[in-house]
file run_3.cif (mmCIF, C-alpha atoms)
data_input
loop_
_atom_site.label_atom_id
_atom_site.label_comp_id
_atom_site.auth_asym_id
_atom_site.auth_seq_id
_atom_site.Cartn_x
_atom_site.Cartn_y
_atom_site.Cartn_z
CA MET A 1 -17.01 -2.41 19.68
CA SER A 2 -18.57 -5.41 17.94
CA ALA A 3 -17.88 -6.21 14.31
CA SER A 4 -21.54 -5.46 13.47
CA LYS A 5 -21.32 -1.98 15.00
CA ALA A 6 -18.08 -1.30 13.19
CA ASN A 7 -19.70 -2.36 9.91
CA LYS A 8 -22.58 0.04 10.55
CA LEU A 9 -20.11 2.87 11.09
CA PHE A 10 -18.44 1.99 7.83
CA GLY A 11 -21.87 2.21 6.25
CA VAL A 12 -22.34 5.81 7.40
CA PHE A 13 -19.54 6.85 5.06
CA PHE A 14 -20.12 4.17 2.46
CA LEU A 15 -22.35 5.88 -0.09
CA PHE A 16 -20.15 8.96 -0.14
CA THR A 17 -17.08 6.78 -0.53
CA LEU A 18 -18.65 4.83 -3.38
CA LEU A 19 -19.43 8.05 -5.21
CA LEU A 20 -15.84 9.15 -4.88
CA LEU A 21 -14.34 5.79 -5.71
CA PHE A 22 -16.53 4.55 -8.52
CA GLY A 23 -18.81 7.43 -9.53
CA GLU A 24 -18.41 10.70 -11.35
CA MET A 25 -17.08 12.78 -8.45
CA SER A 26 -13.33 13.19 -8.26
CA PHE A 27 -10.74 15.31 -6.52
CA SER A 28 -8.51 15.12 -9.59
CA ARG A 29 -8.48 14.45 -13.29
CA GLY A 30 -6.91 10.99 -13.25
CA GLY A 31 -6.98 8.53 -16.12
CA GLN A 32 -5.38 9.56 -19.39
CA LYS A 33 -6.32 13.23 -19.49
CA VAL A 34 -3.43 15.64 -19.71
CA GLY A 35 -2.09 16.52 -16.31
CA GLY A 36 -1.33 19.86 -14.79
CA VAL A 37 -0.63 19.13 -11.15
CA ASP A 38 0.67 22.13 -9.24
CA SER A 39 1.22 23.12 -5.64
CA LYS A 40 -2.49 23.96 -5.29
CA ASN A 41 -3.16 20.22 -5.30
CA THR A 42 -1.26 19.76 -2.05
CA LEU A 43 -2.14 20.69 1.50
CA PRO A 44 0.22 22.65 3.77
CA GLU A 45 1.77 20.76 6.67
CA ARG A 46 -0.75 21.95 9.26
CA GLU A 47 -3.71 20.81 7.18
CA ARG A 48 -2.06 17.48 6.42
CA ALA A 49 -1.60 16.95 10.16
CA LYS A 50 -5.28 17.63 10.78
CA VAL A 51 -6.30 15.11 8.11
CA TRP A 52 -3.95 12.48 9.56
CA ASN A 53 -5.17 13.03 13.12
CA ASP A 54 -8.83 12.85 12.09
CA TRP A 55 -8.16 9.58 10.29
CA LEU A 56 -6.16 8.19 13.20
CA LYS A 57 -8.87 8.90 15.76
CA TRP A 58 -11.48 7.18 13.61
CA ARG A 59 -9.22 4.21 13.01
CA LEU A 60 -8.39 3.78 16.70
CA ASP A 61 -12.04 4.04 17.71
CA ASN A 62 -13.61 1.97 14.93
CA ILE A 63 -11.05 -0.34 13.34
CA LEU A 64 -8.71 -1.43 16.14
CA PRO A 65 -11.28 -2.89 18.60
CA GLY A 66 -12.74 -5.26 16.01
CA LEU A 67 -9.29 -6.40 14.92
CA MET A 68 -8.19 -7.14 18.50
CA ARG A 69 -11.31 -9.24 19.07
CA ARG A 70 -10.91 -10.98 15.71
CA GLU A 71 -7.40 -12.05 16.70
CA GLY A 72 -8.24 -12.86 20.34
CA ILE A 73 -5.83 -10.33 21.87
CA ASP A 74 -6.96 -8.28 24.85
CA LEU A 75 -3.67 -6.41 25.41
CA TRP A 76 -1.46 -5.27 22.53
CA LEU A 77 2.04 -3.96 23.23
CA VAL A 78 3.91 -1.91 20.60
CA MET A 79 7.47 -1.32 21.78
CA SER A 80 10.20 0.68 20.03
CA ASN A 81 13.63 2.12 20.72
CA GLU A 82 14.55 5.62 19.59
CA PRO A 83 16.63 4.79 16.49
CA ASP A 84 14.25 2.14 15.14
CA PRO A 85 10.48 2.75 15.22
CA GLY A 86 9.42 -0.25 13.12
CA PRO A 87 6.54 -0.53 10.62
CA VAL A 88 3.59 -0.10 13.03
CA TYR A 89 4.65 2.50 15.58
CA PHE A 90 4.14 5.79 13.71
CA THR A 91 0.84 4.60 12.19
CA LEU A 92 -0.53 4.73 15.76
CA LEU A 93 0.68 8.24 16.58
CA PRO A 94 -0.54 11.78 15.85
CA ALA A 95 1.16 13.89 13.21
CA THR A 96 3.23 15.87 15.70
CA SER A 97 5.04 12.73 16.91
CA LEU A 98 8.06 12.54 14.63
CA TYR A 99 10.51 10.40 16.59
CA VAL A 100 10.60 7.67 19.24
CA VAL A 101 11.22 9.03 22.73
CA ARG A 102 13.79 6.72 24.40
CA THR A 103 12.04 3.35 24.79
CA SER A 104 8.41 3.85 23.85
CA ILE A 105 5.72 1.36 24.87
CA LEU A 106 2.17 1.81 23.61
CA MET A 107 -0.53 -0.34 25.21
CA PHE A 108 -4.00 -1.12 23.90
CA HIS A 109 -6.21 -2.78 26.51
CA ASP A 110 -9.55 -4.17 25.35
CA ARG A 111 -11.91 -3.91 28.32
CA GLY A 112 -14.90 -5.26 26.39
CA GLU A 113 -17.53 -3.71 24.17
CA ALA A 114 -19.04 -1.55 26.89
CA LEU A 115 -15.79 0.15 27.95
CA GLY A 116 -13.83 -0.19 24.69
CA VAL A 117 -10.07 -0.15 24.10
CA GLU A 118 -8.03 1.94 26.52
CA ARG A 119 -4.91 3.59 25.07
CA LEU A 120 -1.90 3.90 27.38
CA SER A 121 1.77 4.85 27.21
CA ALA A 122 4.33 3.09 29.39
CA GLY A 123 7.09 5.28 28.02
CA SER A 124 8.70 8.28 29.63
CA SER A 125 5.57 10.40 29.09
CA GLY A 126 2.02 10.33 27.87
CA ILE A 127 1.14 11.49 24.37
CA GLY A 128 -1.35 14.31 24.83
CA GLU A 129 -4.96 13.22 24.66
CA TRP A 130 -3.99 10.13 22.66
CA TYR A 131 -2.23 7.94 25.24
CA LYS A 132 -2.47 8.18 29.01
CA ALA A 133 0.84 7.82 30.89
CA THR A 134 1.25 4.86 33.28
CA TRP A 135 4.87 5.24 34.37
CA LEU A 136 4.29 7.93 36.99
CA ASP A 137 6.85 7.13 39.71
CA LYS A 138 10.10 7.33 37.76
CA LYS A 139 12.14 8.05 40.88
CA ASN A 140 11.32 4.77 42.61
CA LYS A 141 10.34 2.41 39.78
CA LYS A 142 12.13 1.39 36.61
CA GLN A 143 10.23 1.41 33.35
CA PHE A 144 9.69 -2.32 32.96
CA GLU A 145 8.93 -2.76 36.66
CA SER A 146 6.14 -0.21 36.30
CA LEU A 147 4.97 -1.85 33.05
CA ALA A 148 4.70 -5.26 34.69
CA GLU A 149 2.64 -3.86 37.57
CA VAL A 150 0.18 -2.25 35.17
CA ILE A 151 -0.15 -5.44 33.11
CA LYS A 152 -0.74 -7.61 36.17
CA LYS A 153 -3.53 -5.30 37.33
CA MET A 154 -5.17 -5.66 33.91
CA ASP A 155 -4.76 -9.47 34.09
CA PRO A 156 -5.02 -10.02 30.30
CA LYS A 157 -5.42 -13.54 28.94
CA ALA A 158 -3.47 -12.88 25.72
CA ILE A 159 -0.72 -10.25 25.46
CA GLY A 160 0.10 -9.54 21.83
CA ILE A 161 3.68 -8.63 20.92
CA GLU A 162 5.36 -7.89 17.58
CA THR A 163 7.00 -11.23 16.79
CA SER A 164 6.46 -13.30 13.67
CA PRO A 165 8.25 -16.06 11.74
CA ILE A 166 7.10 -14.76 8.33
CA TRP A 167 5.60 -11.25 8.51
CA GLY A 168 8.11 -8.41 8.52
CA HIS A 169 5.29 -5.97 9.22
CA GLY A 170 4.56 -7.80 12.49
CA ASP A 171 8.07 -8.74 13.62
CA HIS A 172 9.68 -5.69 15.17
CA LEU A 173 10.17 -6.49 18.87
CA THR A 174 13.93 -6.69 19.52
CA ALA A 175 15.49 -9.55 21.46
CA SER A 176 16.62 -7.24 24.26
CA LEU A 177 13.20 -5.61 24.70
CA LYS A 178 11.52 -9.00 24.76
CA GLU A 179 14.00 -10.24 27.36
CA LYS A 180 13.29 -7.22 29.56
CA LEU A 181 9.54 -7.79 29.20
CA VAL A 182 9.71 -11.51 30.00
CA ASN A 183 11.91 -10.93 33.04
CA ALA A 184 9.65 -8.18 34.37
CA LEU A 185 6.43 -10.15 33.89
CA GLY A 186 7.66 -13.39 35.43
CA PRO A 187 6.73 -16.94 34.32
CA GLU A 188 2.96 -16.75 34.87
CA TYR A 189 2.35 -13.71 32.67
CA ALA A 190 5.19 -14.41 30.23
CA LYS A 191 3.25 -17.55 29.24
CA ARG A 192 0.46 -15.28 28.01
CA LEU A 193 2.65 -13.58 25.40
CA VAL A 194 1.42 -14.36 21.88
CA SER A 195 2.33 -13.19 18.41
CA ALA A 196 0.32 -10.15 17.34
CA ASP A 197 1.51 -10.42 13.74
CA ARG A 198 -1.98 -10.81 12.28
CA LEU A 199 -3.23 -7.92 14.38
CA CYS A 200 -0.37 -5.82 12.97
CA ILE A 201 -1.28 -6.89 9.44
CA GLY A 202 -4.96 -6.14 10.02
CA TRP A 203 -4.22 -2.69 11.42
CA LEU A 204 -1.90 -1.78 8.55
CA GLU A 205 -4.01 -3.21 5.72
CA THR A 206 -7.48 -1.96 6.70
CA ARG A 207 -8.45 1.37 5.14
CA SER A 208 -11.04 3.66 6.67
CA PRO A 209 -13.81 5.12 4.48
CA GLN A 210 -12.08 8.51 4.69
CA GLU A 211 -8.79 7.04 3.49
CA LEU A 212 -10.46 5.19 0.63
CA SER A 213 -12.18 8.40 -0.42
CA VAL A 214 -8.97 10.45 -0.51
CA TYR A 215 -7.04 7.57 -2.11
CA ARG A 216 -8.71 8.49 -5.37
CA HIS A 217 -7.22 11.97 -5.10
CA VAL A 218 -3.74 10.56 -4.48
CA CYS A 219 -4.04 8.11 -7.40
CA GLY A 220 -5.41 10.88 -9.61
CA ILE A 221 -2.38 13.06 -8.88
CA THR A 222 -0.12 10.17 -9.86
CA HIS A 223 -2.04 9.69 -13.10
CA ASP A 224 -1.73 13.38 -13.91
CA LEU A 225 2.02 13.24 -13.39
CA ILE A 226 2.25 10.25 -15.75
CA ALA A 227 0.32 12.23 -18.35
CA ASP A 228 2.77 15.09 -17.96
CA PHE A 229 5.93 13.10 -18.53
CA TYR A 230 4.42 10.98 -21.33
CA SER A 231 4.17 14.13 -23.46
CA ASN A 232 6.34 16.61 -25.33
CA LYS A 233 6.46 18.68 -22.15
CA VAL A 234 9.15 16.26 -21.05
CA ILE A 235 10.09 14.03 -24.00
CA THR A 236 11.67 15.17 -27.26
CA PRO A 237 12.17 12.08 -29.46
CA ASP A 238 15.80 11.33 -30.37
CA VAL A 239 17.01 13.77 -27.69
CA THR A 240 15.54 12.87 -24.29
CA THR A 241 16.98 9.89 -22.40
CA THR A 242 15.23 7.55 -20.02
CA GLU A 243 17.37 8.97 -17.22
CA ASP A 244 16.16 12.49 -18.09
CA VAL A 245 12.56 11.39 -17.63
CA GLU A 246 13.25 9.50 -14.42
CA TRP A 247 14.88 12.51 -12.80
CA TRP A 248 12.17 14.83 -14.10
CA PHE A 249 9.59 12.76 -12.25
CA ARG A 250 11.71 12.50 -9.11
CA GLN A 251 12.22 16.29 -9.00
CA ARG A 252 8.62 17.10 -9.93
CA VAL A 253 7.28 14.96 -7.10
CA ARG A 254 9.52 16.75 -4.62
CA ASP A 255 8.64 20.20 -6.00
CA LEU A 256 4.95 19.47 -5.48
CA GLY A 257 5.46 18.50 -1.85
CA PHE A 258 5.06 14.74 -2.22
CA ASP A 259 7.54 11.96 -1.43
CA PRO A 260 8.68 9.38 -4.01
CA TRP A 261 8.65 5.91 -2.49
CA PHE A 262 11.25 4.54 -4.93
CA HIS A 263 13.38 5.91 -7.73
CA PRO A 264 11.21 5.90 -10.89
CA SER A 265 12.18 3.85 -13.92
CA ILE A 266 11.54 4.15 -17.66
CA SER A 267 12.31 1.26 -20.01
CA ILE A 268 12.19 0.85 -23.79
CA GLN A 269 11.08 -1.95 -26.12
CA ARG A 270 11.90 -1.61 -29.81
CA SER A 271 10.98 -3.33 -33.06
CA LYS A 272 13.50 -5.73 -34.59
CA LYS A 273 13.28 -3.59 -37.74
CA ASP A 274 14.55 -0.47 -36.01
CA PRO A 275 18.32 -0.04 -35.58
CA ALA A 276 19.39 -0.51 -31.99
CA GLY A 277 21.19 2.82 -31.58
CA ASP A 278 21.61 4.26 -28.11
CA LYS A 279 19.50 2.08 -25.83
CA ASP A 280 18.85 4.96 -23.40
CA VAL A 281 17.73 7.59 -25.93
CA ILE A 282 13.96 7.64 -26.53
CA ARG A 283 13.35 7.27 -30.25
CA ARG A 284 10.41 7.28 -32.60
CA GLY A 285 8.76 3.88 -32.77
CA ASP A 286 9.67 3.00 -29.16
CA LEU A 287 7.28 1.43 -26.69
CA LEU A 288 7.92 3.03 -23.30
CA HIS A 289 7.12 1.57 -19.89
CA CYS A 290 7.28 3.38 -16.55
CA ASP A 291 7.22 2.21 -12.96
CA ILE A 292 6.48 5.05 -10.53
CA GLY A 293 5.02 5.64 -7.09
CA LEU A 294 4.60 8.41 -4.55
CA LYS A 295 3.44 9.01 -1.01
CA TYR A 296 0.94 11.63 0.13
CA LEU A 297 -1.16 11.88 3.30
CA GLY A 298 0.29 8.57 4.47
CA LEU A 299 -0.94 6.69 1.38
CA TYR A 300 1.28 5.16 -1.30
CA THR A 301 0.68 4.69 -5.03
CA ASP A 302 2.43 2.24 -7.35
CA MET A 303 1.75 2.29 -11.10
CA GLN A 304 3.11 1.06 -14.43
CA TRP A 305 1.82 2.62 -17.64
CA SER A 306 2.93 2.45 -21.28
CA ALA A 307 3.35 4.93 -24.14
CA TYR A 308 4.23 4.79 -27.84
CA VAL A 309 6.46 7.35 -29.58
CA LEU A 310 4.91 8.07 -32.97
CA LYS A 311 7.01 7.84 -36.09
CA ILE A 312 6.71 10.66 -38.62
CA GLY A 313 3.36 10.25 -40.41
CA GLU A 314 1.87 7.90 -37.81
CA THR A 315 -1.32 8.82 -35.96
CA ASP A 316 -1.53 5.77 -33.71
CA ALA A 317 0.51 2.88 -32.39
CA PRO A 318 0.71 -0.35 -34.41
CA GLN A 319 -2.35 -2.54 -33.93
CA GLY A 320 -0.24 -5.30 -32.39
CA LEU A 321 0.87 -3.00 -29.57
CA ARG A 322 -2.69 -1.87 -28.96
CA ASP A 323 -3.76 -5.51 -28.86
CA ALA A 324 -1.02 -6.23 -26.32
CA LEU A 325 -2.47 -3.62 -23.97
CA ASP A 326 -5.99 -4.99 -24.53
CA ARG A 327 -4.79 -8.46 -23.59
CA ALA A 328 -3.18 -7.09 -20.45
CA ASN A 329 -6.46 -5.48 -19.47
CA ARG A 330 -8.18 -8.81 -19.96
CA VAL A 331 -5.71 -10.35 -17.49
CA ALA A 332 -6.62 -7.62 -15.01
CA ASP A 333 -10.34 -8.37 -15.43
CA ILE A 334 -9.78 -12.10 -14.84
CA LEU A 335 -7.61 -11.48 -11.80
CA MET A 336 -9.86 -8.95 -10.09
CA ALA A 337 -12.93 -11.14 -10.60
CA GLU A 338 -11.26 -13.73 -8.37
CA PHE A 339 -11.13 -11.37 -5.35
CA ARG A 340 -13.59 -12.63 -2.74
CA GLU A 341 -13.66 -12.07 1.00
CA GLY A 342 -12.00 -14.87 2.96
CA ARG A 343 -10.23 -16.31 -0.05
CA THR A 344 -6.45 -16.56 0.26
CA GLY A 345 -3.97 -14.78 -1.96
CA ASN A 346 -2.69 -18.14 -3.18
CA ASP A 347 -6.20 -19.29 -4.16
CA ILE A 348 -6.78 -16.07 -6.08
CA VAL A 349 -3.55 -16.16 -8.07
CA ASP A 350 -3.77 -19.87 -8.85
CA ALA A 351 -7.30 -19.51 -10.22
CA ALA A 352 -6.47 -16.35 -12.21
CA MET A 353 -3.35 -17.84 -13.81
CA LYS A 354 -5.28 -20.95 -14.81
CA LYS A 355 -8.12 -18.96 -16.40
CA GLY A 356 -5.77 -16.54 -18.14
CA GLU A 357 -3.74 -19.33 -19.69
CA ALA A 358 -6.93 -21.11 -20.75
CA GLU A 359 -7.83 -18.01 -22.80
CA GLY A 360 -4.47 -18.10 -24.54
CA LEU A 361 -3.02 -15.22 -22.54
CA ARG A 362 0.55 -15.27 -21.23
CA PRO A 363 0.43 -13.63 -17.83
CA LEU A 364 2.73 -13.66 -14.84
CA ILE A 365 0.93 -12.23 -11.80
CA TYR A 366 2.69 -10.69 -8.79
CA CYS A 367 0.24 -8.40 -6.96
CA HIS A 368 0.90 -6.90 -3.56
CA PRO A 369 -1.10 -4.94 -0.96
CA ILE A 370 -0.64 -1.17 -0.83
CA GLY A 371 -1.53 1.46 1.74
CA PHE A 372 0.71 2.77 4.54
CA TYR A 373 3.60 1.29 2.55
CA GLY A 374 4.22 0.58 -1.12
CA HIS A 375 4.80 -3.11 -0.50
CA ALA A 376 2.29 -3.16 2.31
CA ALA A 377 0.78 -5.59 4.79
CA GLY A 378 -1.65 -8.23 3.56
CA PRO A 379 -1.70 -11.31 1.34
CA PRO A 380 0.66 -11.41 -1.65
CA ILE A 381 -1.02 -12.62 -4.85
CA ASP A 382 2.08 -13.99 -6.52
CA ALA A 383 2.57 -16.69 -9.15
CA ARG A 384 6.35 -16.38 -9.36
CA ALA A 385 8.60 -19.26 -8.44
CA PRO A 386 9.88 -18.99 -4.84
CA GLU A 387 13.42 -18.21 -5.97
CA ASN A 388 12.13 -15.18 -7.94
CA ALA A 389 9.72 -13.85 -5.31
CA PRO A 390 10.21 -12.19 -1.91
CA GLU A 391 10.93 -14.57 0.96
CA ASN A 392 7.91 -16.36 2.44
CA ASN A 393 5.53 -14.97 -0.19
CA ARG A 394 3.80 -18.31 -0.63
CA LEU A 395 3.38 -18.68 3.14
CA LYS A 396 2.04 -15.13 3.39
CA GLY A 397 -0.29 -15.93 0.49
CA ASP A 398 -2.27 -18.25 2.78
CA TYR A 399 -3.56 -15.16 4.61
CA PRO A 400 -7.24 -14.44 3.76
CA LEU A 401 -8.53 -11.43 1.89
CA HIS A 402 -10.38 -8.87 4.04
CA LEU A 403 -12.70 -6.04 3.02
CA ASN A 404 -11.65 -2.39 2.93
CA THR A 405 -8.13 -3.15 1.75
CA ALA A 406 -6.09 -1.92 -1.22
CA TYR A 407 -3.83 -3.66 -3.75
CA ALA A 408 -1.45 -2.90 -6.59
CA ILE A 409 -2.87 -5.02 -9.41
CA GLU A 410 0.51 -5.96 -10.88
CA PHE A 411 1.55 -8.45 -13.53
CA SER A 412 3.20 -8.83 -16.91
CA SER A 413 1.39 -9.89 -20.07
CA THR A 414 3.36 -11.10 -23.10
CA THR A 415 2.10 -10.82 -26.70
CA ALA A 416 3.73 -11.47 -30.07
CA VAL A 417 3.41 -8.31 -32.22
CA PRO A 418 3.02 -8.96 -35.99
CA GLU A 419 4.25 -5.50 -37.01
CA TRP A 420 7.47 -6.18 -35.10
CA ASP A 421 8.10 -9.54 -36.86
CA ASN A 422 6.21 -11.34 -34.09
CA LYS A 423 8.61 -10.13 -31.46
CA ASP A 424 7.36 -10.85 -27.96
CA VAL A 425 6.34 -7.60 -26.22
CA ARG A 426 5.92 -7.52 -22.47
CA ILE A 427 3.32 -5.15 -21.05
CA GLY A 428 4.25 -4.40 -17.47
CA TYR A 429 0.88 -3.58 -15.89
CA GLU A 430 0.26 -2.05 -12.48
CA GLU A 431 -2.67 -0.07 -11.15
CA ASP A 432 -4.05 0.54 -7.67
CA ALA A 433 -7.39 -0.92 -6.64
CA ALA A 434 -9.63 -1.16 -3.57
CA PHE A 435 -11.36 -4.34 -2.40
CA MET A 436 -14.75 -3.64 -0.83
CA ALA A 437 -18.08 -5.42 -0.53
CA GLU A 438 -18.81 -4.68 -4.21
CA GLY A 439 -15.61 -6.41 -5.29
CA CYS A 440 -12.20 -5.26 -6.45
CA LYS A 441 -12.35 -1.95 -8.36
CA PHE A 442 -9.68 0.40 -9.67
CA ILE A 443 -9.43 3.45 -7.43
CA ASP A 444 -9.02 6.04 -10.21
CA GLY A 445 -9.47 4.10 -13.43
CA ARG A 446 -6.88 2.28 -15.50
CA GLN A 447 -4.94 2.58 -18.76
CA THR A 448 -7.04 1.41 -21.70
CA LYS A 449 -5.10 3.19 -24.48
CA LEU A 450 -1.42 3.79 -25.01
CA PHE A 451 -0.20 7.30 -24.46
CA LEU A 452 0.98 8.74 -27.79
CA ILE A 453 4.06 10.98 -27.87
CA LYS A 454 4.51 13.10 -31.00
#

call {"tool": "encode", "arguments": {"input": "run_3.cif", "output": "structure tokens"}}
result
Amino acid sequence: MSASKANKLFGVFFLFTLLLLFGEMSFSRGGQKVGGVDSKNTLPERERAKVWNDWLKWRLDNILPGLMRREGIDLWLVMSNEPDPGPVYFTLLPATSLYVVRTSILMFHDRGEALGVERLSAGSSGIGEWYKATWLDKKNKKQFESLAEVIKKMDPKAIGIETSPIWGHGDHLTASLKEKLVNALGPEYAKRLVSADRLCIGWLETRSPQELSVYRHVCGITHDLIADFYSNKVITPDVTTTEDVEWWFRQRVRDLGFDPWFHPSISIQRSKKDPAGDKDVIRRGDLLHCDIGLKYLGLYTDMQWSAYVLKIGETDAPQGLRDALDRANRVADILMAEFREGRTGNDIVDAAMKKGEAEGLRPLIYCHPIGFYGHAAGPPIDARAPENAPENNRLKGDYPLHLNTAYAIEFSSTTAVPEWDNKDVRIGYEEDAAFMAEGCKFIDGRQTKLFLIK
């Protein structure tokens, strides 16, 4: 399928998606409204499987062909051994496939726009209607012997495999599997093996209209959970500890049928005027910061929000703390305005840091893609020094920004707070956003006011 046809198909869903993403419709009550998530918000396993399979079919039919042609690959091999599926494998399989069967080999053969991409399995069996089996004569032919015969009949010019010097999401092919493949193909066809790392990244980072629509629901659930634990439902000042809140969130996520993607954290900043006391007990006058994320329907969230614990007689947080959050939101505005299709992650972060500092802000930006994983495939947008950032982040940052992708807009913003004797306060800011033709927009809003805990 051509890129123009794929874009038209995206357009069929586009208005509905825009309404869900940026309009008044919503599956949940995200933002700062009080939560109340219960098991009614979650689908049973059978319904989740149906949603996943519907999304997968659309993605395979409408996203994958354009990506293969963009990267110049007419045969893509995804190979996995039973104990180690890798980052791509299960994103290509229906919901009932829960483990790798022996050595699994998925093949995607682009036969041109008229015939489309054929999906095949060179493993021990086919996968229902999804992948047609090619290894039919197991008695007389070994697996890689059969694979090589099939490939030679296809006669592809570029055979994409999961190898990469920098991208972990596109570097899963083991040395032994590659050796078996090269030996089976022989010199002529082994020369046609190319890295499919950018195809892997494109497949993992690109969101379908259906996924983008439901992403608002998933983000809204996360917001509602934040509202729950930033309240007296969970926190009693001078009694509750940060560990209490962290484990409340971890258990609550499980009870609701979601998966946490990392152990949550709650941290405290305190005025110089307030006695230090127990650093883990949440006290009146504390500024709280959380870092939480969950997984639902194959989509991850990653968020950092802040709250203030009111002292007796207070009705709001000190103005300096409110200003600190306002300044953080200004950093977010500057950063997201730099998102443009085709621009690299490095270009975006360099321009945003320069503009933020010119306005007297003190940001440190370290955004990352989000989607099938929390730290997902796509260009990092990271201003940290190499020794403080993940390996190869600057090299990965040269990858261009593509439409229909999602990002955790993450950074810190530092502000001196007068009411705290000009103590520097760090606002850790993180919110999930989608990048589409209209620009980079928050999926389910953002924090504009501190939560207040009585």

call {"tool": "resolve_selection", "arguments": {"input": "run_3.cif", "expression": "the PyMOL selection byres ((chain A and resi 260) around 8)", "output": "VMD selection string"}}
result
chain A and resid 250 253 to 254 258 to 259 261 to 263 293 to 295

call {"tool": "atom_distance", "arguments": {"input": "run_3.cif", "atom1": "atom CA of Gly112 of chain A", "atom2": "atom CA of Met68 of chain A"}}
result
10.5 Å

call {"tool": "resolve_selection", "arguments": {"input": "run_3.cif", "expression": "the PyMOL selection byres ((chain A and resi 319) around 12)", "output": "list in words"}}
result
Tyr308, Glu314, Thr315, Asp316, Ala317, Pro318, Gly320, Leu321, Arg322, Asp323, Ala324, Leu325, Asp326, Thr415, Ala416, Val417, Pro418, Glu419, Trp420, Lys449 and Leu450 of chain A

call {"tool": "write_last_selection", "arguments": {"input": "run_3.cif", "atoms": "C-alpha atoms", "output": "PDB file, keeping the file's coordinate frame"}}
result
ATOM      1  CA  TYR A 308       4.230   4.790 -27.840  1.00  0.00           C
ATOM      2  CA  GLU A 314       1.870   7.900 -37.810  1.00  0.00           C
ATOM      3  CA  THR A 315      -1.320   8.820 -35.960  1.00  0.00           C
ATOM      4  CA  ASP A 316      -1.530   5.770 -33.710  1.00  0.00           C
ATOM      5  CA  ALA A 317       0.510   2.880 -32.390  1.00  0.00           C
ATOM      6  CA  PRO A 318       0.710  -0.350 -34.410  1.00  0.00           C
ATOM      7  CA  GLY A 320      -0.240  -5.300 -32.390  1.00  0.00           C
ATOM      8  CA  LEU A 321       0.870  -3.000 -29.570  1.00  0.00           C
ATOM      9  CA  ARG A 322      -2.690  -1.870 -28.960  1.00  0.00           C
ATOM     10  CA  ASP A 323      -3.760  -5.510 -28.860  1.00  0.00           C
ATOM     11  CA  ALA A 324      -1.020  -6.230 -26.320  1.00  0.00           C
ATOM     12  CA  LEU A 325      -2.470  -3.620 -23.970  1.00  0.00           C
ATOM     13  CA  ASP A 326      -5.990  -4.990 -24.530  1.00  0.00           C
ATOM     14  CA  THR A 415       2.100 -10.820 -26.700  1.00  0.00           C
ATOM     15  CA  ALA A 416       3.730 -11.470 -30.070  1.00  0.00           C
ATOM     16  CA  VAL A 417       3.410  -8.310 -32.220  1.00  0.00           C
ATOM     17  CA  PRO A 418       3.020  -8.960 -35.990  1.00  0.00           C
ATOM     18  CA  GLU A 419       4.250  -5.500 -37.010  1.00  0.00           C
ATOM     19  CA  TRP A 420       7.470  -6.180 -35.100  1.00  0.00           C
ATOM     20  CA  LYS A 449      -5.100   3.190 -24.480  1.00  0.00           C
ATOM     21  CA  LEU A 450      -1.420   3.790 -25.010  1.00  0.00           C
TER      22      LEU A 450
END

call {"tool": "closest_residue", "arguments": {"input": "run_3.cif", "among": "A:Leu310, A:Val425, A:Val349, A:Met303", "to": "Asp224 of chain A", "atoms": "only C-alpha atoms"}}
result
A:Met303

call {"tool": "atom_distance", "arguments": {"input": "run_3.cif", "atom1": "atom CA of Ile161 of chain A", "atom2": "atom CA of Leu77 of chain A"}}
result
5.5 Å

call {"tool": "atom_distance", "arguments": {"input": "run_3.cif", "atom1": "atom CA of Pro237 of chain A", "atom2": "atom CA of Val309 of chain A"}}
result
7.4 Å

call {"tool": "decode", "arguments": {"input": "run_3.cif", "residues": "segment 258-265 of chain A", "atoms": "N, CA and C atoms", "output": "short mmCIF file (atom, residue, chain, number, x, y, z; two decimals), in the first residue's frame"}}
result
data_model
loop_
_atom_site.label_atom_id
_atom_site.label_comp_id
_atom_site.auth_asym_id
_atom_site.auth_seq_id
_atom_site.Cartn_x
_atom_site.Cartn_y
_atom_site.Cartn_z
N PHE A 258 -4.73 -3.77 36.01
CA PHE A 258 -3.69 -3.19 35.17
C PHE A 258 -2.34 -3.75 35.61
N ASP A 259 -1.29 -3.40 34.86
CA ASP A 259 0.07 -3.78 35.22
C ASP A 259 0.89 -2.52 35.47
N PRO A 260 1.59 -2.42 36.61
CA PRO A 260 2.55 -1.32 36.77
C PRO A 260 3.76 -1.59 35.90
N TRP A 261 4.33 -0.54 35.29
CA TRP A 261 5.52 -0.82 34.47
C TRP A 261 6.81 -0.51 35.21
N PHE A 262 6.72 0.11 36.37
CA PHE A 262 7.86 0.24 37.29
C PHE A 262 7.30 0.50 38.67
N HIS A 263 8.12 0.30 39.68
CA HIS A 263 7.66 0.56 41.05
C HIS A 263 7.49 2.07 41.21
N PRO A 264 6.33 2.54 41.67
CA PRO A 264 6.09 3.98 41.80
C PRO A 264 7.00 4.61 42.85
N SER A 265 7.20 5.92 42.73
CA SER A 265 8.00 6.62 43.73
C SER A 265 7.31 7.91 44.14
#
